[in-house]
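S.K.: Below you'll find run.cif; it's mmCIF, C-alpha atoms.
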data_final
loop_
_atom_site.label_atom_id
_atom_site.label_comp_id
_atom_site.auth_asym_id
_atom_site.auth_seq_id
_atom_site.Cartn_x
_atom_site.Cartn_y
_atom_site.Cartn_z
CA MET G 1 -8.41 -31.09 10.56
CA SER G 2 -6.52 -32.31 7.49
CA GLU G 3 -5.04 -29.85 5.02
CA ASP G 4 -7.64 -30.86 2.41
CA GLY G 5 -10.43 -30.34 4.92
CA LEU G 6 -9.03 -26.96 5.93
CA ILE G 7 -8.89 -25.82 2.31
CA ALA G 8 -12.39 -27.10 1.56
CA ARG G 9 -13.92 -25.39 4.61
CA TYR G 10 -12.13 -22.05 4.63
CA PHE G 11 -10.66 -21.31 1.22
CA ALA G 12 -12.72 -23.08 -1.45
CA PRO G 13 -15.65 -20.68 -0.82
CA LEU G 14 -13.34 -17.81 -1.88
CA ALA G 15 -12.29 -19.44 -5.15
CA GLY G 16 -12.72 -17.60 -8.42
CA PRO G 17 -13.11 -18.83 -12.00
CA GLY G 18 -10.21 -20.98 -13.10
CA ALA G 19 -9.52 -22.27 -9.60
CA ASP G 20 -11.78 -25.35 -9.90
CA GLY G 21 -12.95 -24.99 -6.32
CA MET G 22 -9.38 -25.45 -5.02
CA ARG G 23 -9.49 -29.12 -6.06
CA ASP G 24 -6.40 -28.97 -8.31
CA ASP G 25 -2.74 -28.08 -7.91
CA ALA G 26 -2.92 -25.09 -10.26
CA ALA G 27 -5.38 -22.58 -11.70
CA THR G 28 -5.80 -20.87 -15.03
CA LEU G 29 -6.01 -17.13 -15.71
CA THR G 30 -6.56 -15.72 -19.19
CA PRO G 31 -6.00 -11.95 -19.61
CA SER G 32 -8.71 -9.96 -21.32
CA PRO G 33 -8.15 -9.39 -25.05
CA GLY G 34 -5.62 -6.63 -25.64
CA CYS G 35 -4.30 -6.71 -22.08
CA ASP G 36 -1.05 -7.55 -20.29
CA LEU G 37 -0.94 -9.33 -16.95
CA VAL G 38 0.68 -7.41 -14.08
CA LEU G 39 2.11 -9.54 -11.23
CA THR G 40 3.15 -8.54 -7.73
CA ALA G 41 4.03 -10.40 -4.52
CA ASP G 42 4.32 -9.31 -0.90
CA ALA G 43 4.44 -11.21 2.38
CA ILE G 44 3.60 -10.11 5.91
CA VAL G 45 5.05 -11.78 9.01
CA ALA G 46 3.75 -11.79 12.57
CA GLY G 47 5.89 -9.56 14.78
CA VAL G 48 7.38 -7.75 11.76
CA HIS G 49 4.47 -6.36 9.73
CA TYR G 50 1.66 -6.79 12.23
CA PHE G 51 1.11 -7.61 15.89
CA PRO G 52 0.22 -11.25 16.54
CA ASP G 53 -2.80 -10.13 18.57
CA ASP G 54 -4.19 -7.90 15.79
CA PRO G 55 -7.71 -8.93 14.72
CA PRO G 56 -7.42 -11.80 12.21
CA ALA G 57 -9.78 -10.09 9.76
CA SER G 58 -7.56 -7.00 9.84
CA ILE G 59 -4.46 -9.11 9.18
CA ALA G 60 -6.18 -10.62 6.14
CA ARG G 61 -7.17 -7.20 4.81
CA LYS G 62 -3.58 -6.02 5.17
CA ALA G 63 -2.14 -9.12 3.47
CA LEU G 64 -4.28 -8.61 0.38
CA GLY G 65 -4.36 -4.81 0.56
CA VAL G 66 -0.60 -4.28 0.35
CA ASN G 67 -0.58 -6.21 -2.93
CA LEU G 68 -3.62 -4.44 -4.34
CA SER G 69 -1.87 -1.16 -3.57
CA ASP G 70 0.99 -2.18 -5.85
CA LEU G 71 -1.46 -3.07 -8.63
CA ALA G 72 -3.21 0.29 -8.28
CA ALA G 73 0.09 2.16 -8.63
CA LYS G 74 0.84 0.27 -11.85
CA GLY G 75 -2.50 1.32 -13.33
CA ALA G 76 -3.78 -2.26 -13.13
CA ALA G 77 -7.22 -3.70 -12.43
CA PRO G 78 -7.18 -6.77 -10.10
CA ARG G 79 -7.91 -10.21 -11.55
CA GLY G 80 -7.06 -12.66 -8.76
CA PHE G 81 -4.50 -13.77 -6.19
CA LEU G 82 -2.60 -16.73 -4.79
CA LEU G 83 -2.21 -17.20 -1.03
CA THR G 84 0.59 -18.91 0.91
CA LEU G 85 -0.41 -19.28 4.55
CA ALA G 86 2.19 -20.56 7.00
CA LEU G 87 0.46 -21.10 10.34
CA PRO G 88 2.17 -21.23 13.76
CA ASP G 89 1.79 -24.27 15.97
CA ASP G 90 -0.79 -22.54 18.19
CA TRP G 91 -3.24 -21.63 15.38
CA THR G 92 -6.93 -22.15 16.05
CA GLU G 93 -9.94 -22.67 13.86
CA GLY G 94 -11.51 -19.56 15.40
CA TRP G 95 -8.55 -17.47 14.22
CA LEU G 96 -8.68 -19.01 10.75
CA ALA G 97 -12.44 -18.50 10.43
CA ALA G 98 -12.07 -14.79 11.26
CA PHE G 99 -9.08 -14.48 8.94
CA THR G 100 -10.90 -16.00 5.96
CA ALA G 101 -13.98 -13.88 6.67
CA GLY G 102 -11.84 -10.75 6.44
CA LEU G 103 -10.10 -12.09 3.35
CA ALA G 104 -13.46 -12.79 1.69
CA ASP G 105 -14.64 -9.23 2.37
CA ALA G 106 -11.43 -7.68 1.01
CA SER G 107 -11.43 -9.97 -2.02
CA ALA G 108 -15.05 -9.20 -2.89
CA ALA G 109 -14.61 -5.44 -2.43
CA ALA G 110 -11.68 -5.40 -4.86
CA GLY G 111 -13.10 -7.89 -7.35
CA CYS G 112 -10.00 -10.01 -6.81
CA PRO G 113 -10.85 -13.70 -6.20
CA LEU G 114 -8.65 -16.36 -4.70
CA LEU G 115 -7.14 -18.64 -7.36
CA GLY G 116 -5.03 -21.03 -5.28
CA GLY G 117 -2.06 -21.29 -2.97
CA ASP G 118 -0.63 -23.39 -0.18
CA THR G 119 -1.25 -23.90 3.53
CA VAL G 120 1.58 -25.15 5.77
CA ARG G 121 2.89 -25.02 9.33
CA SER G 122 5.55 -22.37 9.81
CA GLY G 123 7.49 -23.81 12.75
CA GLY G 124 7.67 -20.20 13.93
CA PRO G 125 5.58 -17.04 13.51
CA ALA G 126 2.74 -16.85 11.03
CA LEU G 127 3.67 -15.81 7.50
CA ILE G 128 1.11 -14.74 4.92
CA GLY G 129 2.30 -14.42 1.34
CA VAL G 130 0.12 -13.10 -1.48
CA THR G 131 0.84 -13.03 -5.20
CA ALA G 132 -1.68 -10.79 -6.94
CA PHE G 133 -2.52 -10.58 -10.63
CA GLY G 134 -3.89 -7.55 -12.42
CA GLU G 135 -4.18 -6.42 -16.00
CA VAL G 136 -3.62 -3.30 -18.05
CA PRO G 137 -4.14 -2.50 -21.72
CA THR G 138 -1.15 -3.86 -23.63
CA GLY G 139 1.92 -1.73 -22.95
CA GLY G 140 0.00 0.40 -20.46
CA MET G 141 1.68 -0.43 -17.14
CA VAL G 142 2.92 2.69 -15.33
CA ARG G 143 6.57 2.11 -14.47
CA ARG G 144 8.35 3.28 -11.34
CA THR G 145 11.56 4.97 -12.54
CA THR G 146 10.38 6.78 -15.67
CA ALA G 147 9.78 10.25 -14.19
CA ARG G 148 11.26 13.13 -16.16
CA ILE G 149 12.92 16.30 -14.93
CA GLY G 150 10.24 18.96 -14.63
CA ASP G 151 7.43 16.51 -13.83
CA ARG G 152 5.21 17.45 -10.92
CA LEU G 153 5.05 15.07 -7.98
CA CYS G 154 1.66 14.16 -6.53
CA VAL G 155 0.49 11.90 -3.73
CA SER G 156 -2.94 10.53 -2.94
CA GLY G 157 -4.72 10.68 0.40
CA THR G 158 -2.69 11.61 3.46
CA VAL G 159 0.85 10.76 4.54
CA GLY G 160 2.12 9.49 7.89
CA ASP G 161 -1.05 8.07 9.42
CA GLY G 162 0.09 4.44 9.32
CA ALA G 163 3.45 5.19 10.95
CA LEU G 164 1.76 7.24 13.68
CA GLY G 165 -0.81 4.49 14.17
CA LEU G 166 2.04 2.08 14.86
CA LEU G 167 3.72 4.49 17.31
CA LEU G 168 0.37 4.98 19.03
CA ARG G 169 0.53 1.35 20.21
CA ARG G 170 3.23 2.47 22.67
CA ASP G 171 0.94 5.15 24.21
CA PRO G 172 3.41 8.02 23.64
CA ALA G 173 3.10 11.36 25.44
CA TRP G 174 1.90 13.17 22.28
CA ALA G 175 -1.14 10.91 22.13
CA SER G 176 -2.72 12.99 24.91
CA ALA G 177 -3.16 15.79 22.35
CA LEU G 178 -5.48 13.59 20.24
CA ASP G 179 -9.15 12.99 20.83
CA GLY G 180 -10.68 9.53 20.61
CA GLY G 181 -11.66 9.92 16.98
CA MET G 182 -8.12 10.92 16.00
CA ARG G 183 -6.64 7.94 17.81
CA ALA G 184 -9.11 5.62 16.16
CA HIS G 185 -8.26 7.08 12.74
CA LEU G 186 -4.52 6.50 13.15
CA ALA G 187 -5.00 2.99 14.52
CA ASP G 188 -7.31 2.13 11.62
CA ARG G 189 -4.90 3.46 9.00
CA TYR G 190 -2.15 1.21 10.40
CA LEU G 191 -4.37 -1.86 10.47
CA HIS G 192 -6.23 -1.43 7.19
CA PRO G 193 -4.50 -0.35 3.96
CA ARG G 194 -6.77 1.38 1.48
CA PRO G 195 -5.50 0.43 -1.97
CA ARG G 196 -6.32 3.29 -4.35
CA LEU G 197 -7.67 1.07 -7.12
CA PRO G 198 -9.95 3.77 -8.65
CA LEU G 199 -6.80 5.75 -9.48
CA ALA G 200 -5.55 3.12 -11.92
CA PRO G 201 -7.10 4.45 -15.16
CA LEU G 202 -6.17 8.04 -14.28
CA LEU G 203 -2.55 7.04 -13.75
CA ARG G 204 -2.45 5.28 -17.10
CA ARG G 205 -3.79 8.42 -18.76
CA HIS G 206 -1.62 11.03 -17.10
CA ALA G 207 1.32 9.71 -15.02
CA SER G 208 4.84 9.28 -16.34
CA ALA G 209 5.80 7.19 -13.27
CA ALA G 210 4.13 5.86 -10.14
CA MET G 211 4.58 3.59 -7.12
CA ASP G 212 2.79 3.00 -3.87
CA VAL G 213 4.10 4.49 -0.63
CA SER G 214 4.60 1.47 1.60
CA ASP G 215 8.02 1.90 3.23
CA GLY G 216 8.03 5.67 3.78
CA PHE G 217 7.32 8.73 1.64
CA ALA G 218 10.89 10.09 1.48
CA GLY G 219 12.55 6.75 0.80
CA ASP G 220 9.98 5.57 -1.71
CA LEU G 221 10.29 8.87 -3.57
CA ALA G 222 14.05 8.31 -3.75
CA LYS G 223 13.43 4.85 -5.23
CA MET G 224 11.11 6.33 -7.84
CA LEU G 225 13.56 9.02 -8.95
CA GLY G 226 16.38 6.75 -10.11
CA ASP G 227 19.78 8.01 -11.23
CA GLY G 228 20.33 11.59 -12.35
CA ARG G 229 17.11 12.90 -10.85
CA GLY G 230 16.25 14.48 -7.53
CA ALA G 231 13.18 16.16 -6.14
CA LEU G 232 12.23 19.32 -4.32
CA VAL G 233 9.21 18.78 -2.10
CA GLU G 234 7.31 21.49 -0.26
CA ALA G 235 7.03 19.91 3.19
CA GLY G 236 4.05 22.09 4.01
CA ALA G 237 2.20 20.78 0.97
CA VAL G 238 2.46 17.11 2.01
CA PRO G 239 -1.15 16.21 2.87
CA LEU G 240 -1.83 15.35 6.51
CA SER G 241 -4.94 14.11 8.23
CA PRO G 242 -6.29 16.20 11.12
CA ALA G 243 -4.97 13.50 13.46
CA ALA G 244 -1.43 13.63 12.04
CA ALA G 245 -1.46 17.44 12.06
CA ALA G 246 -2.50 17.46 15.72
CA ALA G 247 0.25 14.97 16.58
CA LEU G 248 2.85 17.15 14.81
CA ARG G 249 1.73 20.24 16.70
CA ALA G 250 2.16 18.35 19.95
CA GLU G 251 5.53 16.84 18.96
CA PRO G 252 7.31 18.51 16.00
CA GLY G 253 9.90 15.72 15.93
CA LEU G 254 7.23 13.43 14.53
CA VAL G 255 7.99 14.93 11.12
CA VAL G 256 10.59 12.16 10.78
CA PRO G 257 8.22 9.17 11.11
CA VAL G 258 5.55 11.03 9.14
CA LEU G 259 7.86 11.45 6.15
CA THR G 260 9.92 8.25 6.50
CA GLY G 261 7.64 5.73 8.23
CA GLY G 262 5.80 3.06 6.29
CA ASP G 263 2.26 1.74 5.97
CA ASP G 264 0.75 4.67 4.06
CA TYR G 265 -0.26 2.64 0.98
CA GLU G 266 -0.96 5.81 -0.94
CA VAL G 267 0.06 6.37 -4.55
CA LEU G 268 3.02 8.61 -5.39
CA CYS G 269 3.22 9.67 -9.02
CA ALA G 270 5.00 12.00 -11.42
CA VAL G 271 2.86 13.92 -13.90
CA PRO G 272 4.05 16.09 -16.82
CA PRO G 273 3.39 19.74 -15.94
CA GLY G 274 1.08 20.19 -18.93
CA ALA G 275 -1.12 17.33 -17.70
CA LEU G 276 -1.25 18.32 -14.03
CA ASP G 277 -4.44 20.40 -14.08
CA ALA G 278 -6.36 17.74 -15.99
CA PHE G 279 -5.08 15.00 -13.70
CA LEU G 280 -6.05 16.85 -10.52
CA ALA G 281 -9.43 17.75 -11.98
CA GLU G 282 -10.16 14.14 -12.92
CA CYS G 283 -9.11 12.96 -9.47
CA ALA G 284 -11.40 15.52 -7.83
CA GLY G 285 -14.25 14.57 -10.15
CA ALA G 286 -13.83 10.93 -9.11
CA GLY G 287 -13.76 11.84 -5.42
CA LEU G 288 -10.08 10.92 -5.08
CA ALA G 289 -7.84 13.10 -2.92
CA MET G 290 -4.65 13.99 -4.80
CA THR G 291 -2.14 16.71 -3.91
CA ALA G 292 0.76 18.21 -5.86
CA VAL G 293 3.73 18.37 -3.47
CA GLY G 294 6.87 18.99 -5.50
CA THR G 295 8.87 18.76 -8.69
CA VAL G 296 11.41 16.37 -10.21
CA VAL G 297 14.75 18.15 -10.65
CA ALA G 298 18.24 17.20 -11.78
CA GLY G 299 20.07 15.68 -8.85
CA ASP G 300 21.25 12.65 -6.92
CA ARG G 301 17.88 10.95 -6.20
CA VAL G 302 17.82 12.01 -2.50
CA PRO G 303 14.80 14.32 -2.29
CA ALA G 304 15.06 17.68 -0.55
CA PHE G 305 12.18 18.91 1.59
CA ALA G 306 11.67 22.67 1.82
CA MET G 307 10.74 23.25 5.46
CA ALA G 308 8.69 26.10 6.91
CA ASP G 309 11.84 27.80 8.29
CA GLY G 310 13.32 28.10 4.79
CA THR G 311 15.84 25.26 5.18
CA HIS G 312 16.09 22.20 2.96
CA ARG G 313 16.08 18.88 4.77
CA ARG G 314 17.12 15.44 3.54
CA PHE G 315 16.49 12.17 5.36
CA ALA G 316 19.37 9.70 5.44
CA ALA G 317 17.11 6.77 6.37
CA GLY G 318 14.11 7.66 4.27
CA ALA G 319 12.28 4.35 4.42
CA PHE G 320 11.82 1.14 6.34
CA SER G 321 14.21 -1.64 5.35
CA HIS G 322 14.31 -5.28 6.44
CA PHE G 323 18.08 -5.48 6.07
#
Render the structure in this file as structure tokens.
M.R.:
Amino acid sequence: MSEDGLIARYFAPLAGPGADGMRDDAATLTPSPGCDLVLTADAIVAGVHYFPDDPPASIARKALGVNLSDLAAKGAAPRGFLLTLALPDDWTEGWLAAFTAGLADASAAAGCPLLGGDTVRSGGPALIGVTAFGEVPTGGMVRRTTARIGDRLCVSGTVGDGALGLLLRRDPAWASALDGGMRAHLADRYLHPRPRLPLAPLLRRHASAAMDVSDGFAGDLAKMLGDGRGALVEAGAVPLSPAAAAALRAEPGLVVPVLTGGDDYEVLCAVPPGALDAFLAECAGAGLAMTAVGTVVAGDRVPAFAMADGTHRRFAAGAFSHF
């Protein structure tokens, strides 16, 4: 199949307004009146961010989901995305059909249509790059490093499931402590990010800083703090799923991947103490799980975790890094 034929069959049906059915070399995107565009880009690579034999629809959901997670943490509503798809030499139309079906589902669920992109051969492993566009009211983007000393730290959902889902692929000894439903939960959290898009307006209203947790809770928190600020986190307050809690009971050493592993795609935010109750109440009213876990303090940006035994623990390698 030619590149034009591939685009017409698999990607043109996903095209949104301004994309002209993928028949041009560029698309147009006009922000809503009184809004700023918010742009983010992330790529995932076979063998680095996902297993080559993962279901193609799941790979597509992850490729778009990791970018939507960034938009959510900035308080932005999705508007569209560009896709760069570098296919390996052994790609098949069956794989591509399943991939685009998953991409279509994820795109429709988020209200984030495809606007354009490029399809090439990689000469190596598959690479999927997404550039996503969102919008916020003018001046309303929630920045990452603007937390203030005294702010309360909150995180959505649960922490550590994605990292444990990855470790589960190796069939570790602690997995015997989990029932089938727990295993399925961890595997699903690794495969399928859940971008917290409904949080966006609440973050704009209440948060002084926010980012998504993609590379590890401890390390991403350190990135958010910036210079001259630290954090004290109650380790026992960090929200865990029943599956993660069961894994930790079976193997206490898993506290390291739980707090430093990636693939959570939850939202970490700092909220002024006077706004905390209203923020948590609005999250609960919207059916969004949000937990206060600590406080921003004066310090050196490396967060301290208050453990159950009364000690304070810091993690030297707090997050995944490519380099």
S.K.: Which distance in Å separates atom CA of G:Arg121 and atom CA of G:Gly21, to one decimal?
M.R.: 22.3 Å
S.K.: Would you list the contacts of stretch 139-155 of chain G as a list of chain:residue names, taking every protein, DNA or RNA residue within 6 Å and counting only C-alpha atoms, but skipping same-chain residues closer than 3 positions in sequence?
M.R.: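 My list of contacting residues is G:Lys74, G:Gly75, G:Val136, G:Ser208, G:Ala209, G:Ala210, G:Met211, G:Met224, G:Leu225, G:Gly226, G:Val267, G:Leu268, G:Cys269, G:Ala270, G:Val271, G:Pro272, G:Pro273, G:Met290, G:Thr291, G:Ala292, G:Val293, G:Gly294, G:Thr295, G:Val296, G:Val297.
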S.K.: My list of candidates is G:Ser32, G:Ser107, G:Ser69, G:Thr138. Which is closest to G:Phe81 when distances are computed with all atoms listed in the file?
M.R.: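 Among G:Ser32, G:Ser107, G:Ser69, G:Thr138, it is G:Ser107 that comes nearest to G:Phe81.
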S.K.: Suppose you want the space between atom CA of G:Arg183 and atom CA of G:Lys62; what is it in Å?
M.R.: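 If I compute the distance from atom CA of G:Arg183 to atom CA of G:Lys62, I get 19.1 Å.
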S.K.: Going by the chain IDs and residue numbers used in this file, which residues fall under the PyMOL selection byres ((chain G and resi 131) around 9)? Write them as a ChimeraX atom specification.
M.R.: /G:39-43,64,67,80-84,129-130,132-133
S.K.: With a distance cut-off of 12 Å and only C-alpha atoms, select the neighbouring residues of stretch 174-178 of chain G, excluding the residue or stretch itself and same-chain residues fewer than 4 positions from it, and output the selection as a ChimeraX atom specification.
M.R.: /G:164-170,182-187,242-254
S.K.: Restore N, CA and C atoms in stretch 68-81 of chain G and list the result as a JSON list (two decimals), in the frame of the given file.
M.R.:
[["chain", "number", "residue", "atom", "x", "y", "z"],
["G", 68, "LEU", "N", -2.73, -5.23, -3.50],
["G", 68, "LEU", "CA", -3.62, -4.44, -4.34],
["G", 68, "LEU", "C", -3.12, -3.01, -4.51],
["G", 69, "SER", "N", -2.45, -2.50, -3.48],
["G", 69, "SER", "CA", -1.87, -1.16, -3.57],
["G", 69, "SER", "C", -0.82, -1.08, -4.67],
["G", 70, "ASP", "N", 0.00, -2.13, -4.78],
["G", 70, "ASP", "CA", 0.99, -2.18, -5.85],
["G", 70, "ASP", "C", 0.32, -2.22, -7.22],
["G", 71, "LEU", "N", -0.75, -3.01, -7.35],
["G", 71, "LEU", "CA", -1.46, -3.07, -8.63],
["G", 71, "LEU", "C", -2.03, -1.70, -8.99],
["G", 72, "ALA", "N", -2.62, -1.03, -8.02],
["G", 72, "ALA", "CA", -3.21, 0.29, -8.28],
["G", 72, "ALA", "C", -2.16, 1.25, -8.82],
["G", 73, "ALA", "N", -0.97, 1.24, -8.21],
["G", 73, "ALA", "CA", 0.09, 2.16, -8.63],
["G", 73, "ALA", "C", 0.63, 1.85, -10.01],
["G", 74, "LYS", "N", 0.42, 0.64, -10.49],
["G", 74, "LYS", "CA", 0.84, 0.27, -11.85],
["G", 74, "LYS", "C", -0.26, 0.53, -12.88],
["G", 75, "GLY", "N", -1.39, 1.06, -12.41],
["G", 75, "GLY", "CA", -2.50, 1.32, -13.33],
["G", 75, "GLY", "C", -3.30, 0.08, -13.66],
["G", 76, "ALA", "N", -3.20, -0.96, -12.82],
["G", 76, "ALA", "CA", -3.78, -2.26, -13.13],
["G", 76, "ALA", "C", -5.09, -2.50, -12.39],
["G", 77, "ALA", "N", -5.98, -3.23, -13.04],
["G", 77, "ALA", "CA", -7.22, -3.70, -12.43],
["G", 77, "ALA", "C", -6.99, -5.12, -11.89],
["G", 78, "PRO", "N", -7.42, -5.44, -10.67],
["G", 78, "PRO", "CA", -7.18, -6.77, -10.10],
["G", 78, "PRO", "C", -7.92, -7.87, -10.87],
["G", 79, "ARG", "N", -7.28, -9.04, -10.95],
["G", 79, "ARG", "CA", -7.91, -10.21, -11.55],
["G", 79, "ARG", "C", -7.97, -11.41, -10.61],
["G", 80, "GLY", "N", -7.04, -11.53, -9.68],
["G", 80, "GLY", "CA", -7.06, -12.66, -8.76],
["G", 80, "GLY", "C", -5.76, -12.72, -7.97],
["G", 81, "PHE", "N", -5.72, -13.66, -7.00],
["G", 81, "PHE", "CA", -4.50, -13.77, -6.19],
["G", 81, "PHE", "C", -4.28, -15.20, -5.73]]
